[in-house]
Amino acid sequence: MAETVFEQVTQQEDLLDVGEFRAATEPLMPEAYRNFVNNVGMERTLQDDIAAWQAMHLRPRALVDVSHIDTSVTVLGHKIAMPVMTAPFVGSTLIDPEGEVATARGAVAAGTITTLSMMGTRPPEAVGAVASGSYWLQIYFMRDRGVVEDVVARAVAAGASALVFTVDLPVMPAFPRPMRLAAQGLFQRWQEPEHMMYAIRDYGDRPIGATFPDAKATWADVEWLRGLSDLPVILKGVIRADDAIRARDHGVSALIVSNHAGQGLRSSQPVAHALPSIVDAVGTDIEVYADSGIRSGADVLRALALGARSVLVGRPVLWGLAAGGSGGVERVLRLLQAELAEVMAITGAPSVAQIDRSVLG
Ligand SMILES: Cc1cc2nc3c(=O)[nH]c(=O)nc-3n(C[C@H](O)[C@H](O)[C@H](O)COP(=O)(O)O)c2cc1C
């Protein structure tokens, strides 16, 4: 399987790694979106995340039969072809008219799960139509909880399989001027009907912008969210082991260790440094995933070696989307899978279960 994937990507495609996707597609993005994606003026945390993954050396293991590599994993009981899923992001219709629907199609074609942002443009019904059972809905808390309730009910009806509650933005950070200008530019574009967030378009009588985010949200609200549906609840944006334990004790099914790749708290601890303490704290009680700064199959392996069950990727997927819509998303995901398969082979782990911390040097 791995050989096939590796051959497909290397023989058919010109863009050989995520960096090449980025270089090829950035000129195609509207300037404000490119600047927002790049955290312009507040790059430090993202750079620290990327560097922290890459700083971990790997140790090859000799003479293991790696003629067959299996990159599949199970997340919340759902088998996916690779331990890589797509992270939620706003604004992708600015680089592809189908936006989140194209991302979902690409993820499904690659055999994995996609996450729709509550601030996305395409609604749960449109994403569910192409990815029923294979998509998660990401939630931000509005002070108007009726909107959250309604969006969750719509997502359940449209085949969402989990709710991802993003907890690392209780307030909107004051961006430095370059990022603020980018955000202002995007808010202008989001007035246009084809780019408007569905949570604004569909609830026009409610002042969503003015009520986001809800700084009052606490652990009690996690229980409230759990009570809205039978779907498992995942917390996104946990960095501390004590929060991970609290999440488990509040019935959360999984965590995404993430610092929003630098779009929230600046000077956040890199995810690569936070991950081991969280895995050690919650063991196998709940599933642990990671995102922020993952750019290669080797980075995926590093996260798995530290105990993550899967990773999510944001910007690499956006670069894939800009490169070729759903086909570009699929290509980027398959490229990461092929890179992972290669590094699994050289480090002597034919299956994901065989990856452990001993691979890190
Ligand atoms: C343009 C952009 C928009 C984003 N929008 C959201 C969002 O709406 N909700 C959310 O939980 N995270 C959002 N994120 C954060 C991603 O879900 C994810 O945590 C991060 O991008 C992962 O890091 P990576 O891009 O280095 O892979 C966004 C990230 C980017 C780059």
# chains A, B, ... in the order shown; residues from 1 in each chain; ligands from 1
call {"tool": "residues_around", "arguments": {"residues": "Asp70 (chain A)", "least_positions_apart": "4", "cutoff": "10 Å", "atoms": "only C-alpha atoms", "output": "PDB file with all heavy atoms, in the first residue's frame"}}
result
ATOM      1  N   MET A   1       0.828  -1.202   0.000  1.00  0.00           N
ATOM      2  CA  MET A   1       0.000   0.000   0.000  1.00  0.00           C
ATOM      3  C   MET A   1       0.866   1.257   0.000  1.00  0.00           C
ATOM      4  O   MET A   1       0.734   2.138  -0.827  1.00  0.00           O
ATOM      5  CB  MET A   1      -0.902  -0.035   1.228  1.00  0.00           C
ATOM      6  CG  MET A   1      -1.589   1.260   1.518  1.00  0.00           C
ATOM      7  SD  MET A   1      -2.438   1.044   3.100  1.00  0.00           S
ATOM      8  CE  MET A   1      -2.767   2.712   3.476  1.00  0.00           C
ATOM      9  N   ALA A   2       1.859   1.248   0.909  1.00  0.00           N
ATOM     10  CA  ALA A   2       2.701   2.438   0.990  1.00  0.00           C
ATOM     11  C   ALA A   2       3.452   2.650  -0.318  1.00  0.00           C
ATOM     12  O   ALA A   2       3.555   3.765  -0.813  1.00  0.00           O
ATOM     13  CB  ALA A   2       3.687   2.297   2.130  1.00  0.00           C
ATOM     14  N   VAL A  66       9.910  -4.526   6.202  1.00  0.00           N
ATOM     15  CA  VAL A  66       9.032  -3.376   5.982  1.00  0.00           C
ATOM     16  C   VAL A  66       8.499  -3.399   4.541  1.00  0.00           C
ATOM     17  O   VAL A  66       8.234  -2.368   3.944  1.00  0.00           O
ATOM     18  CB  VAL A  66       9.762  -2.037   6.293  1.00  0.00           C
ATOM     19  CG1 VAL A  66       9.991  -1.888   7.783  1.00  0.00           C
ATOM     20  CG2 VAL A  66      11.074  -1.926   5.519  1.00  0.00           C
ATOM     21  N   ALA A  81      -7.298   6.030   6.619  1.00  0.00           N
ATOM     22  CA  ALA A  81      -6.167   5.445   5.891  1.00  0.00           C
ATOM     23  C   ALA A  81      -4.818   5.943   6.388  1.00  0.00           C
ATOM     24  O   ALA A  81      -3.795   5.298   6.167  1.00  0.00           O
ATOM     25  CB  ALA A  81      -6.306   5.758   4.396  1.00  0.00           C
ATOM     26  N   MET A  82      -4.842   7.096   7.034  1.00  0.00           N
ATOM     27  CA  MET A  82      -3.579   7.687   7.507  1.00  0.00           C
ATOM     28  C   MET A  82      -3.860   8.489   8.767  1.00  0.00           C
ATOM     29  O   MET A  82      -4.980   8.990   8.933  1.00  0.00           O
ATOM     30  CB  MET A  82      -3.004   8.622   6.434  1.00  0.00           C
ATOM     31  CG  MET A  82      -3.904   9.819   6.171  1.00  0.00           C
ATOM     32  SD  MET A  82      -3.358  10.849   4.785  1.00  0.00           S
ATOM     33  CE  MET A  82      -4.075   9.980   3.397  1.00  0.00           C
ATOM     34  N   ALA A 341       4.938   6.798   5.357  1.00  0.00           N
ATOM     35  CA  ALA A 341       5.222   5.385   5.074  1.00  0.00           C
ATOM     36  C   ALA A 341       6.722   5.165   4.902  1.00  0.00           C
ATOM     37  O   ALA A 341       7.299   4.190   5.403  1.00  0.00           O
ATOM     38  CB  ALA A 341       4.467   4.946   3.816  1.00  0.00           C
ATOM     39  N   MET A 344       8.410   5.460   8.292  1.00  0.00           N
ATOM     40  CA  MET A 344       8.072   4.266   9.091  1.00  0.00           C
ATOM     41  C   MET A 344       8.951   3.098   8.662  1.00  0.00           C
ATOM     42  O   MET A 344       9.452   2.332   9.494  1.00  0.00           O
ATOM     43  CB  MET A 344       6.585   3.901   8.907  1.00  0.00           C
ATOM     44  CG  MET A 344       5.620   4.772   9.692  1.00  0.00           C
ATOM     45  SD  MET A 344       3.870   4.515   9.203  1.00  0.00           S
ATOM     46  CE  MET A 344       3.541   2.857   9.820  1.00  0.00           C
ATOM     47  N   ALA A 345       9.133   2.967   7.347  1.00  0.00           N
ATOM     48  CA  ALA A 345       9.955   1.853   6.842  1.00  0.00           C
ATOM     49  C   ALA A 345      11.385   1.968   7.357  1.00  0.00           C
ATOM     50  O   ALA A 345      11.965   1.000   7.858  1.00  0.00           O
ATOM     51  CB  ALA A 345       9.913   1.835   5.312  1.00  0.00           C
ATOM     52  N   ALA A 349       9.058   0.464  11.552  1.00  0.00           N
ATOM     53  CA  ALA A 349       7.709   0.342  12.144  1.00  0.00           C
ATOM     54  C   ALA A 349       6.702   0.094  11.026  1.00  0.00           C
ATOM     55  O   ALA A 349       6.152   1.028  10.458  1.00  0.00           O
ATOM     56  CB  ALA A 349       7.350   1.621  12.901  1.00  0.00           C
ATOM     57  N   PRO A 350       6.444  -1.170  10.699  1.00  0.00           N
ATOM     58  CA  PRO A 350       5.523  -1.443   9.583  1.00  0.00           C
ATOM     59  C   PRO A 350       4.094  -1.020   9.851  1.00  0.00           C
ATOM     60  O   PRO A 350       3.323  -0.829   8.920  1.00  0.00           O
ATOM     61  CB  PRO A 350       5.593  -2.965   9.414  1.00  0.00           C
ATOM     62  CG  PRO A 350       6.699  -3.445  10.274  1.00  0.00           C
ATOM     63  CD  PRO A 350       7.053  -2.380  11.252  1.00  0.00           C
ATOM     64  N   SER A 351       3.725  -0.849  11.115  1.00  0.00           N
ATOM     65  CA  SER A 351       2.381  -0.338  11.401  1.00  0.00           C
ATOM     66  C   SER A 351       2.492   0.772  12.433  1.00  0.00           C
ATOM     67  O   SER A 351       3.496   0.887  13.155  1.00  0.00           O
ATOM     68  CB  SER A 351       1.474  -1.456  11.928  1.00  0.00           C
ATOM     69  OG  SER A 351       1.828  -1.757  13.258  1.00  0.00           O
ATOM     70  N   VAL A 352       1.439   1.578  12.493  1.00  0.00           N
ATOM     71  CA  VAL A 352       1.455   2.742  13.383  1.00  0.00           C
ATOM     72  C   VAL A 352       1.617   2.306  14.839  1.00  0.00           C
ATOM     73  O   VAL A 352       2.271   2.989  15.640  1.00  0.00           O
ATOM     74  CB  VAL A 352       0.161   3.564  13.153  1.00  0.00           C
ATOM     75  CG1 VAL A 352      -0.035   4.598  14.228  1.00  0.00           C
ATOM     76  CG2 VAL A 352       0.204   4.211  11.767  1.00  0.00           C
ATOM     77  N   ALA A 353       1.047   1.157  15.191  1.00  0.00           N
ATOM     78  CA  ALA A 353       1.132   0.683  16.582  1.00  0.00           C
ATOM     79  C   ALA A 353       2.576   0.437  17.003  1.00  0.00           C
ATOM     80  O   ALA A 353       2.887   0.411  18.196  1.00  0.00           O
ATOM     81  CB  ALA A 353       0.312  -0.594  16.739  1.00  0.00           C
TER      82      ALA A 353
END
call {"tool": "residues_near_ligand", "arguments": {"ligand": "ligand 1", "cutoff": "7 Å", "atoms": "only C-alpha atoms and all ligand atoms", "output": "compact mmCIF listing (two decimals) with N, CA, C and O atoms, in the first residue's frame"}}
result
# COMPACT_ATOMS: atom_id res chain seq x y z
N PHE A 36 -2.92 36.41 6.35
CA PHE A 36 -3.58 35.82 7.52
C PHE A 36 -3.07 34.40 7.76
O PHE A 36 -2.73 34.02 8.88
N VAL A 37 -2.98 33.64 6.69
CA VAL A 37 -2.48 32.27 6.80
C VAL A 37 -1.05 32.25 7.35
O VAL A 37 -0.67 31.37 8.11
N LEU A 46 4.27 30.05 15.48
CA LEU A 46 4.22 29.06 14.40
C LEU A 46 5.62 28.58 14.05
O LEU A 46 5.87 27.38 13.87
N ALA A 87 -7.59 20.04 9.53
CA ALA A 87 -7.98 20.95 10.61
C ALA A 87 -9.05 21.92 10.11
O ALA A 87 -9.16 22.16 8.90
N PRO A 88 -9.84 22.48 11.02
CA PRO A 88 -10.83 23.47 10.58
C PRO A 88 -10.18 24.80 10.24
O PRO A 88 -9.25 25.22 10.92
N PHE A 89 -10.64 25.44 9.18
CA PHE A 89 -10.15 26.79 8.88
C PHE A 89 -11.22 27.63 8.21
O PHE A 89 -12.06 27.13 7.48
N VAL A 90 -11.14 28.92 8.49
CA VAL A 90 -12.07 29.89 7.88
C VAL A 90 -11.53 30.31 6.52
O VAL A 90 -10.34 30.26 6.26
N GLY A 91 -12.45 30.74 5.65
CA GLY A 91 -12.06 31.55 4.50
C GLY A 91 -11.61 30.82 3.25
O GLY A 91 -11.15 31.45 2.30
N SER A 117 -15.12 24.21 10.00
CA SER A 117 -15.14 25.30 10.98
C SER A 117 -16.53 25.88 11.13
O SER A 117 -17.27 26.01 10.15
N MET A 118 -16.87 26.25 12.36
CA MET A 118 -18.13 26.96 12.58
C MET A 118 -18.11 28.32 11.89
O MET A 118 -19.16 28.92 11.67
N MET A 119 -16.89 28.80 11.57
CA MET A 119 -16.76 30.07 10.86
C MET A 119 -16.57 29.82 9.36
O MET A 119 -16.14 30.72 8.63
N GLY A 120 -16.84 28.61 8.92
CA GLY A 120 -16.69 28.29 7.50
C GLY A 120 -17.75 28.94 6.64
O GLY A 120 -18.74 29.49 7.15
N GLN A 138 -16.48 21.74 13.93
CA GLN A 138 -15.79 22.55 14.95
C GLN A 138 -16.71 23.66 15.43
O GLN A 138 -17.38 24.32 14.65
N THR A 166 -13.37 24.34 20.14
CA THR A 166 -12.09 25.05 20.21
C THR A 166 -12.07 25.93 21.46
O THR A 166 -12.90 26.82 21.62
N LYS A 236 -10.31 21.18 21.37
CA LYS A 236 -9.17 21.59 20.53
C LYS A 236 -8.51 22.81 21.17
O LYS A 236 -9.20 23.80 21.46
N SER A 258 -2.97 21.66 20.70
CA SER A 258 -2.82 22.66 19.63
C SER A 258 -2.64 24.01 20.27
O SER A 258 -3.17 24.28 21.35
N ASN A 259 -1.89 24.89 19.60
CA ASN A 259 -1.88 26.29 20.03
C ASN A 259 -2.43 27.18 18.92
O ASN A 259 -2.08 28.34 18.82
N HIS A 260 -3.31 26.60 18.10
CA HIS A 260 -3.93 27.34 17.00
C HIS A 260 -2.83 27.79 16.03
O HIS A 260 -2.99 28.76 15.29
N ALA A 261 -1.71 27.08 16.06
CA ALA A 261 -0.56 27.39 15.22
C ALA A 261 -0.25 28.89 15.26
O ALA A 261 0.02 29.52 14.24
N ASP A 291 -1.97 19.16 16.52
CA ASP A 291 -1.74 19.96 15.30
C ASP A 291 -0.85 21.14 15.65
O ASP A 291 -0.48 21.32 16.80
N SER A 292 -0.48 21.89 14.66
CA SER A 292 0.33 23.11 14.72
C SER A 292 1.74 22.85 14.21
O SER A 292 2.58 22.28 14.92
N GLY A 293 1.98 23.24 12.98
CA GLY A 293 3.33 23.23 12.43
C GLY A 293 3.78 21.91 11.85
O GLY A 293 4.98 21.74 11.58
N ILE A 294 2.87 20.98 11.62
CA ILE A 294 3.26 19.69 11.04
C ILE A 294 3.36 19.86 9.52
O ILE A 294 2.40 20.26 8.87
N LEU A 312 -3.63 16.63 12.86
CA LEU A 312 -4.43 17.41 11.91
C LEU A 312 -3.48 18.40 11.24
O LEU A 312 -2.49 18.84 11.85
N VAL A 313 -3.77 18.73 10.00
CA VAL A 313 -2.97 19.73 9.31
C VAL A 313 -3.88 20.82 8.76
O VAL A 313 -4.98 20.54 8.27
N GLY A 314 -3.40 22.05 8.85
CA GLY A 314 -4.17 23.20 8.38
C GLY A 314 -3.60 23.79 7.12
O GLY A 314 -4.07 23.53 6.00
N ARG A 315 -2.51 24.53 7.25
CA ARG A 315 -1.96 25.24 6.09
C ARG A 315 -1.58 24.32 4.93
O ARG A 315 -1.87 24.66 3.77
N PRO A 316 -0.96 23.17 5.18
CA PRO A 316 -0.64 22.30 4.03
C PRO A 316 -1.89 21.96 3.21
O PRO A 316 -1.82 21.86 1.98
call {"tool": "closest_residue", "arguments": {"among": "A:Leu169, A:Ala104, A:Met196, A:Leu255", "to": "Val279 (chain A)", "atoms": "only C-alpha atoms"}}
result
A:Leu255
call {"tool": "closest_residue", "arguments": {"among": "A:Val317, A:Val18, A:Ala162, A:Leu360", "to": "Val329 (chain A)", "atoms": "only C-alpha atoms"}}
result
A:Val317
call {"tool": "closest_residue", "arguments": {"among": "A:Val164, A:Val84, A:Met197, A:Met142", "to": "Pro123 (chain A)", "atoms": "only C-alpha atoms"}}
result
A:Met197
call {"tool": "closest_residue", "arguments": {"among": "A:Ala305, A:Gly262, A:Val311, A:Gly227", "to": "Arg59 (chain A)", "atoms": "only C-alpha atoms"}}
result
A:Ala305
call {"tool": "residues_around", "arguments": {"residues": "Ile245 (chain A)", "least_positions_apart": "2", "cutoff": "12 Å", "atoms": "only C-alpha atoms", "output": "list in words"}}
result
Trp219, Leu235, Val238, Ile239, Arg240, Ala241, Asp242, Asp243, Ala247, Arg248, Asp249, His250, Gly251, Val252, Ser253, Ala254, Leu255, Ser277, Ile278, Val279, Asp280, Ala281, Val282, Gly283, Thr284, Asp285, Ile286 and Val288 of chain A
call {"tool": "residues_around", "arguments": {"residues": "Lys216 (chain A)", "least_positions_apart": "3", "cutoff": "12 Å", "atoms": "only C-alpha atoms", "output": "PyMOL selection string"}}
result
chain A and resi 141-145+167+169-171+211-213+219-221
call {"tool": "decode", "arguments": {"residues": "region 55-73 of chain A", "atoms": "N, CA, C and O atoms", "output": "tab-separated table (two decimals), in the first residue's frame"}}
result
chain	number	residue	atom	x	y	z
A	55	ALA	N	13.33	19.66	15.28
A	55	ALA	CA	14.53	19.50	16.12
A	55	ALA	C	14.68	18.07	16.65
A	55	ALA	O	15.74	17.71	17.14
A	56	MET	N	13.59	17.29	16.56
A	56	MET	CA	13.65	15.92	17.10
A	56	MET	C	14.29	14.99	16.08
A	56	MET	O	13.71	14.74	15.02
A	57	HIS	N	15.46	14.48	16.41
A	57	HIS	CA	16.11	13.54	15.49
A	57	HIS	C	15.46	12.16	15.57
A	57	HIS	O	14.89	11.80	16.60
A	58	LEU	N	15.59	11.43	14.48
A	58	LEU	CA	14.99	10.10	14.41
A	58	LEU	C	16.09	9.04	14.34
A	58	LEU	O	17.18	9.30	13.80
A	59	ARG	N	15.78	7.87	14.85
A	59	ARG	CA	16.78	6.79	14.86
A	59	ARG	C	16.28	5.62	14.02
A	59	ARG	O	15.24	5.03	14.32
A	60	PRO	N	17.00	5.31	12.96
A	60	PRO	CA	16.58	4.18	12.12
A	60	PRO	C	16.71	2.86	12.88
A	60	PRO	O	17.53	2.75	13.79
A	61	ARG	N	15.87	1.92	12.52
A	61	ARG	CA	16.00	0.57	13.10
A	61	ARG	C	16.35	-0.38	11.95
A	61	ARG	O	15.73	-0.31	10.89
A	62	ALA	N	17.33	-1.25	12.19
A	62	ALA	CA	17.86	-2.09	11.11
A	62	ALA	C	17.09	-3.40	10.95
A	62	ALA	O	16.56	-3.96	11.92
A	63	LEU	N	17.01	-3.84	9.72
A	63	LEU	CA	16.62	-5.20	9.37
A	63	LEU	C	15.28	-5.65	9.95
A	63	LEU	O	15.17	-6.67	10.62
A	64	VAL	N	14.27	-4.81	9.70
A	64	VAL	CA	12.89	-5.18	10.01
A	64	VAL	C	12.22	-5.39	8.65
A	64	VAL	O	12.51	-4.66	7.70
A	65	ASP	N	11.33	-6.38	8.55
A	65	ASP	CA	10.60	-6.58	7.29
A	65	ASP	C	9.60	-5.44	7.12
A	65	ASP	O	8.60	-5.37	7.83
A	66	VAL	N	9.91	-4.53	6.20
A	66	VAL	CA	9.03	-3.38	5.98
A	66	VAL	C	8.50	-3.40	4.54
A	66	VAL	O	8.23	-2.37	3.94
A	67	SER	N	8.35	-4.62	4.01
A	67	SER	CA	7.85	-4.73	2.64
A	67	SER	C	6.38	-4.33	2.56
A	67	SER	O	5.86	-4.02	1.50
A	68	HIS	N	5.70	-4.35	3.69
A	68	HIS	CA	4.31	-3.88	3.71
A	68	HIS	C	4.16	-2.88	4.85
A	68	HIS	O	4.43	-3.21	6.00
A	69	ILE	N	3.75	-1.66	4.50
A	69	ILE	CA	3.57	-0.62	5.52
A	69	ILE	C	2.09	-0.28	5.59
A	69	ILE	O	1.45	-0.04	4.56
A	70	ASP	N	1.58	-0.25	6.80
A	70	ASP	CA	0.16	0.09	6.99
A	70	ASP	C	0.07	1.39	7.80
A	70	ASP	O	0.42	1.41	8.98
A	71	THR	N	-0.39	2.46	7.15
A	71	THR	CA	-0.46	3.76	7.84
A	71	THR	C	-1.83	4.00	8.47
A	71	THR	O	-2.09	5.07	9.01
A	72	SER	N	-2.73	3.02	8.41
A	72	SER	CA	-4.09	3.27	8.89
A	72	SER	C	-4.14	3.33	10.42
A	72	SER	O	-3.30	2.74	11.11
A	73	VAL	N	-5.10	4.08	10.93
A	73	VAL	CA	-5.36	4.16	12.37
A	73	VAL	C	-6.88	4.23	12.57
A	73	VAL	O	-7.63	4.44	11.62
